[in-house]
Amino acid sequence: MLRLEKRPSPSRFWQGATPVLAVVLTMIAGGLMFAALGKNPFEAIRTIFWDPLFNAQFASYSRPQLLVKAGPLILIAIGLSLGFRAGIWNIGAEGQYIMGALFGAGVGLAFYPADHWFIFPLMVVAGAFGGWIWAMIPAVLKTKFNTNEILVSLLMVYIAQNFLSSMSLGLLRNPEGGGFPGSRNLSQYPAASNPELIAGTGLHWGVIAAFMAVIAAYILLQRHILGFHIKLAGQAPRAARYAGVNPTGLVVLCMGISGALAGLAGLFEVSGPAGQISIDFNVGYGFTAIIVAFLGRLNPIGILLAGLLMALTYIGGELAQFMLGLPAAAIQAFQGMLLFFLLAVDLLSNYRIRFATKKEAL
Amino acid sequence: MNRRTLLATAALGLGLAFGTAASAQGMDKVKACFVYVGPIGDLGWTYQHHQGALAVQEEFGDKVEIAYQENVPEGADAERVLTQMALSGCNIIFTTSFGYMDPTNNVAAKFPDIKFEHATGYKREHPNVSTYNARFYEGRAVQGHIAGKMTKTNKIGYIGSFPIPEVVMGINSYYLHAKKVNPDVELSVVWAFTWFDPAKEADSAKALIDQGVDVIAAHTDSTAPLAEAAKTNGAVIGFGQASDMADYKPSPRVASIIDNWNPYYIKRVGALLDGTYEQIDSWAGIPEGEVEIGEITDAVPADVKAEAEAMRDAIAAGSYHPFTGPINKQDGSAWLAEGAVAPDGDLLGMNFFVEGITGDIPK
């Protein structure tokens, strides 16, 4: 007989061990799925987890790409995790990401073709502002009218997408693009571009910003009174109020930080890897970052690792698709399993499994 | 390094250069890779490209190896996928969506020995980039004719994907030929801003049907618009797009435009194998068999069917061009004079509706 017994406090050992266990379980279940599809499961797992890092043919290219892909995920997830810890659910990072890119690219393109040192820094500020202002809409609606920030922030994503279409067809369209939608390519405009800083490393300003965000969030949560307030508000809202935490201020602050970071991620992406504003510029980083935040247990270091792991499954998954002919849906299912197992084994950190004898059960 | 070894090295280098040039004359085995914007099971655009890939395999057997990747987003991800394909030993890479244009050219710059073929684009920035497209507007003319004859409400619809010349061209051709046989016809265009998203495509079809539209043409990749039309018990008809979509025969699917990429893919991979490969910009249509009109079903009256087939045959024979003047632009200004035929350049950069279409191209 199995019995679950609630632990008085979450187990520290299992909190660290469950992500690893989840990855192992995903490999086993995923391997079974790949075998059912008629592929060698060991080869498939190796292609996903090993080849992007160590394959002689690809690794020199795909290893840096890991940072390119993980950078925006980590940057957004760090912002989201602060709100999630306080029980403030910003689901609309995708929209804030788009608006950050639009504001930032708009500022850069307004200067075209001038060459000043301050253009890129100004774009960074504009990008953060774009994401922040977009997050302020659900934040203010929540604090003033008590609307649900989950719904409002999510719906704002669709508005942002329509803005994106309108901008790439209208105001920001490349006048030399032959009538095709999409802005000028910022990577061909040095004053506004976010290039690879050291060749062959994948390192661009967005990746550096992501690392800085990890460190800042770690210090905030461990050492700062604000971090304490955030944690307290999430774990014991009433106690937080007695401790003098201002719930309105916390909503505005957490939504603002997550919006600004998502906006920054959008700016760094549009001026770097993506290069231009186009109708389908956003590819879901804002939503995937929610998974990354939880995979990393809302802990800055955890998010750093989770972002890298997620990026690995993307890049390895791409390799597995064309090297082994695995269908795209199988890779998505594999990524889904990862989240599923993580949430499932999470039980172990809050509960103890007891093998009760019959007598005890009676 | 002293002078003598330098010379020797140079000589060796020259020898190697000639050696590779000679082997570039032909290849024993080609790895052909395909990048798809949707899933191969979309039963539309991507499905047809994949049929082309399978036809290449069938034609050359052991001499080719096929690899492909589905659902590749247009943008930064495409560049990574292309680079990984190039690193994995692909000799020729077909990128099958408009949005892969810049990534294709960027990656081609880094791999001069690998051939890149971009569908529906116009940038050939490097000698190893070719572009290919099909004259879908020829098929749209046939559809427009059927639509103009078949509509009872005099309202016909078009689900646009993105407002790029390719799509605008199709809308104009469709409208012109509907108008020719039915002067009262009105066209509604809905922009879906996606190539493949069955839910959005179904919503677009629904929006058109709610406006009283009873003939729908789609420029998106899935069968969702036809599925939506099928719910109206025969009141609304549509067309198969990119693929035959024969499951919806005889109605709502009354005809279709089929993209047949097989001849082009076989030709290009074959050229690489036998050493006759050259950079090209290909734009073939009904005459070359790259655009086909799927069976016109019995839901269409026999005389309309005969007229539509006659138009198809005239296009195939080269005696009729769907854009033949007089045609005015939407604002009333003249575009083509009486009897003039649209130059390809005008079509490839088409960013205006023709006279009579209401509504604007999104800006």
# chains A, B, ... in the order shown; residues from 1 in each chain; ligands from 1

$ residues_around --residues "A:Gly227" --least-positions-apart "5" --cutoff "10 Å" --atoms "only C-alpha atoms" --output "ChimeraX atom specification"
/A:82,85-86,217-222,232-233

$ write_last_selection --atoms "C-alpha atoms" --output "short mmCIF file (atom, residue, chain, number, x, y, z; two decimals), in the first residue's frame"
data_model
loop_
_atom_site.label_atom_id
_atom_site.label_comp_id
_atom_site.auth_asym_id
_atom_site.auth_seq_id
_atom_site.Cartn_x
_atom_site.Cartn_y
_atom_site.Cartn_z
CA LEU A 82 9.44 37.42 -9.51
CA ARG A 85 6.58 34.10 -6.54
CA ALA A 86 4.37 36.92 -5.34
CA ALA A 217 17.36 38.47 -9.22
CA TYR A 218 19.47 36.21 -7.02
CA ILE A 219 20.67 39.11 -4.92
CA LEU A 220 17.19 40.63 -4.79
CA LEU A 221 15.62 37.43 -3.51
CA GLN A 222 18.38 36.47 -1.09
CA LEU A 232 6.07 36.62 1.68
CA ALA A 233 3.25 37.95 -0.51
#

$ closest_atom_pairs --of "chain B" --to "chain A" --cutoff "10 Å" --atoms "only C-alpha atoms" --output "tab-separated table"
residue	atom	partner	partner_atom	distance
B:Cys33	CA	A:Phe322	CA	8.4
B:Phe34	CA	A:Phe322	CA	9.1
B:Val35	CA	A:Phe322	CA	9.4
B:Gly38	CA	A:Ala328	CA	9.7
B:Pro39	CA	A:Ala328	CA	7.6
B:Ile40	CA	A:Pro327	CA	9.0
B:Ile66	CA	A:Phe322	CA	9.1
B:Ala67	CA	A:Phe322	CA	5.4
B:Tyr68	CA	A:Phe322	CA	5.2
B:Gln69	CA	A:Phe322	CA	5.5
B:Glu70	CA	A:Ala328	CA	6.0
B:Asn71	CA	A:Ala328	CA	6.8
B:Val72	CA	A:Glu318	CA	9.0
B:Pro73	CA	A:Val283	CA	7.0
B:Glu74	CA	A:Asp280	CA	7.2
B:Gly75	CA	A:Ala274	CA	5.7
B:Ala76	CA	A:Ala274	CA	4.6
B:Asp77	CA	A:Ala274	CA	8.2
B:Ala78	CA	A:Ala274	CA	9.7
B:Glu79	CA	A:Pro273	CA	8.8
B:Arg80	CA	A:Gln65	CA	7.7
B:Val81	CA	A:Glu318	CA	7.1
B:Thr83	CA	A:Tyr61	CA	8.2
B:Gln84	CA	A:Phe58	CA	6.8
B:Met85	CA	A:Phe322	CA	7.8
B:Ala86	CA	A:Phe58	CA	9.8
B:Leu87	CA	A:Phe58	CA	6.5
B:Ser88	CA	A:Gln57	CA	7.1
B:Gly89	CA	A:Gln57	CA	9.4
B:Gly99	CA	A:Asp280	CA	8.9
B:Asp102	CA	A:Asn185	CA	9.3
B:Pro103	CA	A:Ala274	CA	9.3
B:Tyr122	CA	A:Gly178	CA	9.9
B:Phe162	CA	A:Pro181	CA	8.4
B:Pro163	CA	A:Pro181	CA	7.5
B:Ile164	CA	A:Phe180	CA	5.6
B:Pro165	CA	A:Phe180	CA	7.3
B:Glu166	CA	A:Phe180	CA	9.9
B:Phe193	CA	A:Ile279	CA	7.4
B:Thr194	CA	A:Asp280	CA	8.0
B:Leu348	CA	A:Gly178	CA	9.2
B:Gly349	CA	A:Gly178	CA	6.3
B:Met350	CA	A:Gly179	CA	7.9
B:Asn351	CA	A:Gly179	CA	6.2
B:Phe352	CA	A:Gly179	CA	9.8
B:Ile361	CA	A:Leu169	CA	9.3
B:Pro362	CA	A:Leu169	CA	6.7
B:Lys363	CA	A:Gly170	CA	4.3

$ write_last_selection --atoms "C-alpha atoms" --output "mmCIF file, in the first residue's frame"
data_model
loop_
_atom_site.group_PDB
_atom_site.id
_atom_site.type_symbol
_atom_site.label_atom_id
_atom_site.label_comp_id
_atom_site.auth_asym_id
_atom_site.auth_seq_id
_atom_site.Cartn_x
_atom_site.Cartn_y
_atom_site.Cartn_z
ATOM 1 C CA CYS B 33 17.412 18.933 -48.044
ATOM 2 C CA PHE B 34 14.059 20.652 -47.660
ATOM 3 C CA VAL B 35 12.901 23.248 -45.133
ATOM 4 C CA GLY B 38 4.267 23.793 -41.939
ATOM 5 C CA PRO B 39 3.851 20.095 -41.217
ATOM 6 C CA ILE B 40 4.078 17.673 -44.164
ATOM 7 C CA ILE B 66 16.554 13.266 -48.768
ATOM 8 C CA ALA B 67 16.372 15.121 -45.444
ATOM 9 C CA TYR B 68 13.785 17.631 -44.351
ATOM 10 C CA GLN B 69 12.551 19.634 -41.432
ATOM 11 C CA GLU B 70 8.965 20.671 -40.739
ATOM 12 C CA ASN B 71 7.448 23.635 -38.900
ATOM 13 C CA VAL B 72 10.492 25.889 -39.196
ATOM 14 C CA PRO B 73 9.548 29.453 -38.177
ATOM 15 C CA GLU B 74 10.487 32.204 -40.620
ATOM 16 C CA GLY B 75 13.233 34.284 -39.016
ATOM 17 C CA ALA B 76 16.167 33.663 -36.701
ATOM 18 C CA ASP B 77 15.327 29.975 -36.261
ATOM 19 C CA ALA B 78 15.416 29.407 -40.010
ATOM 20 C CA GLU B 79 18.979 30.655 -40.167
ATOM 21 C CA ARG B 80 20.077 28.140 -37.549
ATOM 22 C CA VAL B 81 18.236 25.271 -39.214
ATOM 23 C CA THR B 83 23.288 26.331 -41.067
ATOM 24 C CA GLN B 84 22.883 22.973 -39.350
ATOM 25 C CA MET B 85 21.671 21.447 -42.602
ATOM 26 C CA ALA B 86 24.653 22.876 -44.446
ATOM 27 C CA LEU B 87 26.986 21.470 -41.779
ATOM 28 C CA SER B 88 25.321 18.071 -41.977
ATOM 29 C CA GLY B 89 26.428 17.660 -45.571
ATOM 30 C CA GLY B 99 9.982 34.326 -45.162
ATOM 31 C CA ASP B 102 17.041 36.663 -45.874
ATOM 32 C CA PRO B 103 18.112 33.579 -43.896
ATOM 33 C CA TYR B 122 13.338 37.553 -55.279
ATOM 34 C CA PHE B 162 0.153 38.024 -46.151
ATOM 35 C CA PRO B 163 -0.206 41.184 -48.267
ATOM 36 C CA ILE B 164 2.801 40.407 -50.471
ATOM 37 C CA PRO B 165 2.796 40.721 -54.296
ATOM 38 C CA GLU B 166 2.351 36.965 -54.720
ATOM 39 C CA PHE B 193 -1.546 36.850 -41.465
ATOM 40 C CA THR B 194 -0.443 33.246 -41.416
ATOM 41 C CA LEU B 348 6.435 40.523 -59.036
ATOM 42 C CA GLY B 349 6.170 43.894 -57.311
ATOM 43 C CA MET B 350 2.381 44.147 -57.396
ATOM 44 C CA ASN B 351 1.221 46.245 -54.452
ATOM 45 C CA PHE B 352 -2.124 47.553 -55.717
ATOM 46 C CA ILE B 361 -4.183 46.288 -48.857
ATOM 47 C CA PRO B 362 -3.186 46.443 -45.146
ATOM 48 C CA LYS B 363 -0.640 49.084 -44.328
#

$ atom_distance --atom1 "atom CA of A:Phe84" --atom2 "atom CA of A:Cys254"
8.8 Å

$ residues_around --residues "A:Phe211" --least-positions-apart "5" --cutoff "12 Å" --atoms "only C-alpha atoms" --output "ChimeraX atom specification"
/A:67,70-78,203-206,216-218,300-301,303-305,307-308

$ select_by_dssp --residues "stretch 129-187 of chain A" --states "helix (DSSP H, G or I)" --output "JSON, numbers by chain"
{"A": [129, 130, 131, 132, 133, 134, 135, 136, 137, 138, 139, 140, 141, 142, 143, 144, 145, 149, 150, 151, 152, 153, 154, 155, 156, 157, 158, 159, 160, 161, 162, 163, 164, 165, 166, 167, 168, 169, 186, 187]}

$ write_last_selection --atoms "N, CA and C atoms" --output "tab-separated table (two decimals), in the first residue's frame"
chain	number	residue	atom	x	y	z
A	129	PHE	N	11.15	50.21	-22.09
A	129	PHE	CA	9.96	51.03	-21.88
A	129	PHE	C	8.75	50.43	-22.58
A	130	GLY	N	8.95	49.94	-23.80
A	130	GLY	CA	7.85	49.35	-24.56
A	130	GLY	C	7.23	48.17	-23.83
A	131	GLY	N	8.08	47.30	-23.31
A	131	GLY	CA	7.58	46.15	-22.57
A	131	GLY	C	6.91	46.58	-21.27
A	132	TRP	N	7.52	47.58	-20.62
A	132	TRP	CA	7.00	48.05	-19.32
A	132	TRP	C	5.61	48.65	-19.49
A	133	ILE	N	5.45	49.51	-20.49
A	133	ILE	CA	4.17	50.20	-20.65
A	133	ILE	C	3.08	49.19	-21.00
A	134	TRP	N	3.45	48.16	-21.76
A	134	TRP	CA	2.46	47.15	-22.15
A	134	TRP	C	2.03	46.32	-20.94
A	135	ALA	N	2.97	46.10	-20.00
A	135	ALA	CA	2.64	45.35	-18.79
A	135	ALA	C	1.88	46.22	-17.81
A	136	MET	N	2.05	47.54	-17.92
A	136	MET	CA	1.37	48.45	-17.00
A	136	MET	C	-0.14	48.44	-17.22
A	137	ILE	N	-0.56	48.12	-18.44
A	137	ILE	CA	-2.00	48.14	-18.73
A	137	ILE	C	-2.73	47.11	-17.85
A	138	PRO	N	-2.32	45.81	-17.90
A	138	PRO	CA	-2.99	44.88	-16.98
A	138	PRO	C	-2.73	45.21	-15.51
A	139	ALA	N	-1.55	45.76	-15.20
A	139	ALA	CA	-1.22	46.06	-13.80
A	139	ALA	C	-2.15	47.14	-13.26
A	140	VAL	N	-2.33	48.22	-14.02
A	140	VAL	CA	-3.18	49.31	-13.55
A	140	VAL	C	-4.64	48.87	-13.51
A	141	LEU	N	-5.06	48.11	-14.52
A	141	LEU	CA	-6.44	47.62	-14.51
A	141	LEU	C	-6.69	46.75	-13.29
A	142	LYS	N	-5.67	45.98	-12.90
A	142	LYS	CA	-5.85	45.13	-11.73
A	142	LYS	C	-5.93	45.96	-10.45
A	143	THR	N	-5.02	46.91	-10.33
A	143	THR	CA	-4.99	47.66	-9.07
A	143	THR	C	-6.15	48.63	-8.95
A	144	LYS	N	-6.60	49.20	-10.08
A	144	LYS	CA	-7.70	50.17	-10.02
A	144	LYS	C	-9.08	49.51	-10.06
A	145	PHE	N	-9.21	48.50	-10.94
A	145	PHE	CA	-10.55	47.94	-11.15
A	145	PHE	C	-10.65	46.46	-10.77
A	149	GLU	N	-5.42	39.80	-13.94
A	149	GLU	CA	-4.24	40.10	-14.77
A	149	GLU	C	-3.89	38.96	-15.72
A	150	ILE	N	-4.31	37.73	-15.41
A	150	ILE	CA	-4.02	36.60	-16.30
A	150	ILE	C	-4.71	36.83	-17.65
A	151	LEU	N	-6.01	37.14	-17.56
A	151	LEU	CA	-6.78	37.33	-18.79
A	151	LEU	C	-6.32	38.56	-19.55
A	152	VAL	N	-6.20	39.67	-18.83
A	152	VAL	CA	-5.88	40.92	-19.53
A	152	VAL	C	-4.51	40.82	-20.18
A	153	SER	N	-3.51	40.32	-19.43
A	153	SER	CA	-2.17	40.29	-20.02
A	153	SER	C	-2.13	39.34	-21.21
A	154	LEU	N	-2.89	38.25	-21.14
A	154	LEU	CA	-2.91	37.31	-22.27
A	154	LEU	C	-3.55	37.96	-23.49
A	155	LEU	N	-4.67	38.63	-23.28
A	155	LEU	CA	-5.36	39.23	-24.43
A	155	LEU	C	-4.54	40.36	-25.05
A	156	MET	N	-3.73	41.02	-24.21
A	156	MET	CA	-2.88	42.08	-24.75
A	156	MET	C	-1.86	41.54	-25.76
A	157	VAL	N	-1.58	40.23	-25.68
A	157	VAL	CA	-0.66	39.61	-26.64
A	157	VAL	C	-1.23	39.74	-28.05
A	158	TYR	N	-2.53	39.50	-28.16
A	158	TYR	CA	-3.14	39.51	-29.50
A	158	TYR	C	-3.19	40.93	-30.05
A	159	ILE	N	-3.38	41.89	-29.16
A	159	ILE	CA	-3.35	43.27	-29.61
A	159	ILE	C	-1.95	43.61	-30.11
A	160	ALA	N	-0.95	43.16	-29.35
A	160	ALA	CA	0.44	43.44	-29.75
A	160	ALA	C	0.73	42.81	-31.11
A	161	GLN	N	0.20	41.61	-31.34
A	161	GLN	CA	0.46	40.95	-32.63
A	161	GLN	C	-0.13	41.76	-33.78
A	162	ASN	N	-1.29	42.35	-33.55
A	162	ASN	CA	-1.88	43.17	-34.60
A	162	ASN	C	-1.09	44.45	-34.83
A	163	PHE	N	-0.55	44.99	-33.73
A	163	PHE	CA	0.35	46.14	-33.87
A	163	PHE	C	1.55	45.77	-34.73
A	164	LEU	N	2.08	44.58	-34.44
A	164	LEU	CA	3.26	44.11	-35.16
A	164	LEU	C	2.96	44.02	-36.66
A	165	SER	N	1.81	43.44	-37.02
A	165	SER	CA	1.44	43.34	-38.44
A	165	SER	C	1.34	44.73	-39.04
A	166	SER	N	0.65	45.59	-38.32
A	166	SER	CA	0.41	46.92	-38.85
A	166	SER	C	1.73	47.67	-39.04
A	167	MET	N	2.65	47.53	-38.08
A	167	MET	CA	3.93	48.23	-38.17
A	167	MET	C	4.78	47.68	-39.31
A	168	SER	N	4.78	46.34	-39.49
A	168	SER	CA	5.65	45.80	-40.53
A	168	SER	C	5.08	46.07	-41.92
A	169	LEU	N	3.79	46.38	-41.99
A	169	LEU	CA	3.20	46.72	-43.29
A	169	LEU	C	3.18	48.21	-43.52
A	186	LEU	N	18.15	45.49	-39.30
A	186	LEU	CA	18.98	46.25	-38.37
A	186	LEU	C	20.40	45.70	-38.32
A	187	SER	N	20.57	44.43	-38.66
A	187	SER	CA	21.92	43.87	-38.59
A	187	SER	C	22.80	44.48	-39.69

$ select_by_dssp --residues "stretch 29-267 of chain B" --states "strand (DSSP E or B)" --output "short mmCIF file (atom, residue, chain, number, x, y, z; two decimals) with N, CA and C atoms, in the first residue's frame"
data_model
loop_
_atom_site.label_atom_id
_atom_site.label_comp_id
_atom_site.auth_asym_id
_atom_site.auth_seq_id
_atom_site.Cartn_x
_atom_site.Cartn_y
_atom_site.Cartn_z
N VAL B 30 23.88 12.96 -54.27
CA VAL B 30 23.47 14.28 -53.82
C VAL B 30 22.60 14.13 -52.58
N LYS B 31 22.90 14.96 -51.58
CA LYS B 31 22.00 15.02 -50.43
C LYS B 31 21.14 16.27 -50.61
N ALA B 32 19.84 16.06 -50.82
CA ALA B 32 18.92 17.18 -51.04
C ALA B 32 18.10 17.39 -49.79
N CYS B 33 18.09 18.64 -49.30
CA CYS B 33 17.41 18.93 -48.04
C CYS B 33 16.29 19.95 -48.27
N PHE B 34 15.24 19.81 -47.49
CA PHE B 34 14.06 20.65 -47.66
C PHE B 34 13.67 21.27 -46.32
N VAL B 35 13.37 22.56 -46.34
CA VAL B 35 12.90 23.25 -45.13
C VAL B 35 11.44 23.63 -45.35
N VAL B 64 20.37 9.79 -54.52
CA VAL B 64 20.06 10.94 -53.66
C VAL B 64 19.66 10.48 -52.27
N GLU B 65 19.93 11.38 -51.34
CA GLU B 65 19.48 11.17 -49.97
C GLU B 65 18.63 12.40 -49.65
N ILE B 66 17.46 12.16 -49.07
CA ILE B 66 16.55 13.27 -48.77
C ILE B 66 16.54 13.51 -47.26
N ALA B 67 16.59 14.77 -46.85
CA ALA B 67 16.37 15.12 -45.44
C ALA B 67 15.48 16.36 -45.42
N TYR B 68 14.68 16.47 -44.39
CA TYR B 68 13.78 17.63 -44.35
C TYR B 68 13.48 18.01 -42.92
N GLN B 69 12.98 19.20 -42.75
CA GLN B 69 12.55 19.63 -41.43
C GLN B 69 11.25 20.41 -41.55
N ILE B 92 22.30 20.43 -51.65
CA ILE B 92 21.37 21.41 -52.17
C ILE B 92 20.24 21.54 -51.15
N ILE B 93 19.85 22.79 -50.86
CA ILE B 93 18.84 23.03 -49.84
C ILE B 93 17.71 23.85 -50.45
N PHE B 94 16.50 23.29 -50.39
CA PHE B 94 15.34 24.00 -50.89
C PHE B 94 14.61 24.64 -49.71
N THR B 95 14.45 25.95 -49.73
CA THR B 95 13.76 26.64 -48.64
C THR B 95 12.41 27.08 -49.19
N LYS B 115 24.38 24.54 -52.82
CA LYS B 115 23.37 25.26 -53.61
C LYS B 115 22.14 25.52 -52.76
N PHE B 116 21.63 26.72 -52.89
CA PHE B 116 20.40 27.09 -52.16
C PHE B 116 19.33 27.46 -53.17
N GLU B 117 18.12 27.00 -52.92
CA GLU B 117 17.00 27.28 -53.80
C GLU B 117 15.87 27.83 -52.95
N HIS B 118 15.51 29.07 -53.19
CA HIS B 118 14.46 29.69 -52.36
C HIS B 118 13.17 29.84 -53.15
N ALA B 119 12.09 29.30 -52.60
CA ALA B 119 10.79 29.37 -53.28
C ALA B 119 10.12 30.71 -53.01
N VAL B 129 22.66 30.99 -54.99
CA VAL B 129 21.24 31.09 -54.62
C VAL B 129 20.40 31.21 -55.90
N SER B 130 19.47 30.27 -56.06
CA SER B 130 18.50 30.37 -57.14
C SER B 130 17.13 30.58 -56.52
N THR B 131 16.19 31.11 -57.32
CA THR B 131 14.83 31.25 -56.81
C THR B 131 13.88 30.58 -57.79
N TYR B 132 12.78 30.11 -57.25
CA TYR B 132 11.78 29.47 -58.11
C TYR B 132 10.40 29.77 -57.57
N ASN B 133 9.47 29.87 -58.47
CA ASN B 133 8.11 30.17 -58.09
C ASN B 133 7.20 29.61 -59.17
N ALA B 134 5.91 29.61 -58.89
CA ALA B 134 4.96 29.14 -59.89
C ALA B 134 3.96 30.25 -60.16
N LYS B 155 -21.49 37.67 -54.01
CA LYS B 155 -20.41 38.02 -53.09
C LYS B 155 -19.42 36.86 -53.07
N ILE B 156 -18.19 37.14 -53.44
CA ILE B 156 -17.17 36.10 -53.39
C ILE B 156 -16.07 36.54 -52.42
N GLY B 157 -15.35 35.56 -51.89
CA GLY B 157 -14.38 35.89 -50.85
C GLY B 157 -13.00 35.32 -51.15
N TYR B 158 -12.00 35.88 -50.46
CA TYR B 158 -10.61 35.43 -50.63
C TYR B 158 -9.93 35.54 -49.28
N ILE B 159 -9.35 34.43 -48.83
CA ILE B 159 -8.60 34.47 -47.57
C ILE B 159 -7.14 34.74 -47.92
N GLY B 160 -6.68 35.96 -47.65
CA GLY B 160 -5.30 36.32 -47.94
C GLY B 160 -4.40 35.87 -46.80
N GLU B 186 -19.01 41.18 -56.09
CA GLU B 186 -18.24 41.94 -55.11
C GLU B 186 -17.28 40.99 -54.42
N LEU B 187 -16.09 41.48 -54.18
CA LEU B 187 -15.07 40.64 -53.55
C LEU B 187 -14.76 41.14 -52.14
N SER B 188 -14.77 40.20 -51.17
CA SER B 188 -14.31 40.53 -49.81
C SER B 188 -13.02 39.78 -49.55
N VAL B 189 -12.05 40.50 -49.02
CA VAL B 189 -10.76 39.87 -48.68
C VAL B 189 -10.59 39.89 -47.17
N VAL B 190 -10.22 38.74 -46.60
CA VAL B 190 -9.89 38.69 -45.18
C VAL B 190 -8.41 38.32 -45.08
N TRP B 191 -7.68 39.05 -44.25
CA TRP B 191 -6.24 38.74 -44.10
C TRP B 191 -6.03 37.90 -42.85
N VAL B 215 -18.71 31.89 -52.36
CA VAL B 215 -17.58 31.20 -53.01
C VAL B 215 -16.30 31.71 -52.34
N ILE B 216 -15.52 30.78 -51.79
CA ILE B 216 -14.32 31.17 -51.05
C ILE B 216 -13.07 30.60 -51.70
N ALA B 217 -12.11 31.47 -51.97
CA ALA B 217 -10.78 31.01 -52.37
C ALA B 217 -9.82 31.31 -51.23
N ALA B 218 -8.85 30.44 -51.01
CA ALA B 218 -7.93 30.64 -49.89
C ALA B 218 -6.50 30.68 -50.39
N ILE B 237 -19.28 27.22 -51.62
CA ILE B 237 -18.29 26.36 -52.26
C ILE B 237 -16.91 27.00 -52.17
N GLY B 238 -15.90 26.20 -52.46
CA GLY B 238 -14.53 26.69 -52.39
C GLY B 238 -13.64 25.88 -53.31
N PHE B 239 -12.33 26.07 -53.14
CA PHE B 239 -11.37 25.43 -54.03
C PHE B 239 -10.26 24.78 -53.22
N GLY B 240 -9.73 23.69 -53.75
CA GLY B 240 -8.53 23.12 -53.15
C GLY B 240 -7.38 24.07 -53.43
N GLN B 241 -6.53 24.29 -52.43
CA GLN B 241 -5.43 25.24 -52.59
C GLN B 241 -4.11 24.53 -52.37
N ALA B 242 -3.19 24.68 -53.32
CA ALA B 242 -1.85 24.10 -53.29
C ALA B 242 -1.89 22.60 -53.57
N ARG B 253 -15.54 21.47 -52.44
CA ARG B 253 -14.40 21.69 -53.33
C ARG B 253 -14.84 21.40 -54.76
N VAL B 254 -14.97 22.45 -55.58
CA VAL B 254 -15.46 22.25 -56.94
C VAL B 254 -14.32 22.21 -57.95
N ALA B 255 -13.15 22.71 -57.56
CA ALA B 255 -11.96 22.64 -58.41
C ALA B 255 -10.77 22.91 -57.51
N SER B 256 -9.57 22.91 -58.06
CA SER B 256 -8.42 23.18 -57.20
C SER B 256 -7.25 23.68 -58.03
N ILE B 257 -6.32 24.34 -57.33
CA ILE B 257 -5.01 24.65 -57.92
C ILE B 257 -4.03 23.68 -57.28
N ILE B 258 -3.33 22.93 -58.09
CA ILE B 258 -2.36 21.99 -57.55
C ILE B 258 -0.96 22.50 -57.90
N ASP B 259 -0.13 22.64 -56.88
CA ASP B 259 1.27 23.00 -57.13
C ASP B 259 2.01 21.71 -57.40
#

$ atom_distance --atom1 "atom CA of B:Asp331" --atom2 "atom CA of B:Gly170"
18.7 Å

$ residues_around --residues "stretch 28-34 of chain A" --least-positions-apart "5" --cutoff "6 Å" --atoms "only C-alpha atoms" --output "list in words"
Lys39, Pro41 and Phe334 of chain A

$ closest_residue --among "A:Ser258, A:Gln235, A:Ser183, A:Asn146" --to "A:Ala213" --atoms "only C-alpha atoms"
A:Ser258

$ closest_residue --among "B:Asn182, B:Asn233, B:Asn154, B:Ser222" --to "B:Asp197" --atoms "only C-alpha atoms"
B:Ser222

$ residues_around --residues "A:Gly317" --least-positions-apart "4" --cutoff "7 Å" --atoms "only C-alpha atoms" --output "MDAnalysis selection string"
chainID A and resid 48 313 321 331

$ write_last_selection --atoms "C-alpha atoms" --output "PDB file, in the first residue's frame"
ATOM      1  CA  ILE A  48      19.024  15.656 -28.866  1.00  0.00           C
ATOM      2  CA  THR A 313      15.925  20.392 -26.585  1.00  0.00           C
ATOM      3  CA  GLN A 321      14.316  15.933 -37.118  1.00  0.00           C
ATOM      4  CA  ILE A 331       9.881  16.621 -30.616  1.00  0.00           C
TER       5      ILE A 331
END

$ residues_around --residues "A:Leu250" --least-positions-apart "5" --cutoff "9 Å" --atoms "only C-alpha atoms" --output "list in words"
Gly83, Ala86, Ile88, His229, Ile230, Ala233, Val245 and Met255 of chain A

$ closest_residue --among "B:Trp335, B:Ala207, B:Pro127, B:Glu228" --to "B:Asp281" --atoms "only C-alpha atoms"
B:Pro127

$ atom_distance --atom1 "atom CA of B:Ala308" --atom2 "atom CA of B:Val142"
5.6 Å

$ decode --residues "stretch 297-301 of chain A" --atoms "N, CA and C atoms" --output "short mmCIF file (atom, residue, chain, number, x, y, z; two decimals), in the first residue's frame"
data_model
loop_
_atom_site.label_atom_id
_atom_site.label_comp_id
_atom_site.auth_asym_id
_atom_site.auth_seq_id
_atom_site.Cartn_x
_atom_site.Cartn_y
_atom_site.Cartn_z
N ARG A 297 12.08 26.18 -11.17
CA ARG A 297 11.51 26.31 -9.83
C ARG A 297 11.50 27.75 -9.35
N LEU A 298 11.32 28.69 -10.26
CA LEU A 298 11.25 30.12 -9.95
C LEU A 298 12.49 30.61 -9.21
N ASN A 299 13.57 29.86 -9.36
CA ASN A 299 14.83 30.21 -8.72
C ASN A 299 15.79 30.70 -9.81
N PRO A 300 16.47 31.84 -9.60
CA PRO A 300 17.29 32.41 -10.68
C PRO A 300 18.30 31.43 -11.28
N ILE A 301 19.02 30.70 -10.39
CA ILE A 301 20.01 29.76 -10.91
C ILE A 301 19.30 28.63 -11.67
#
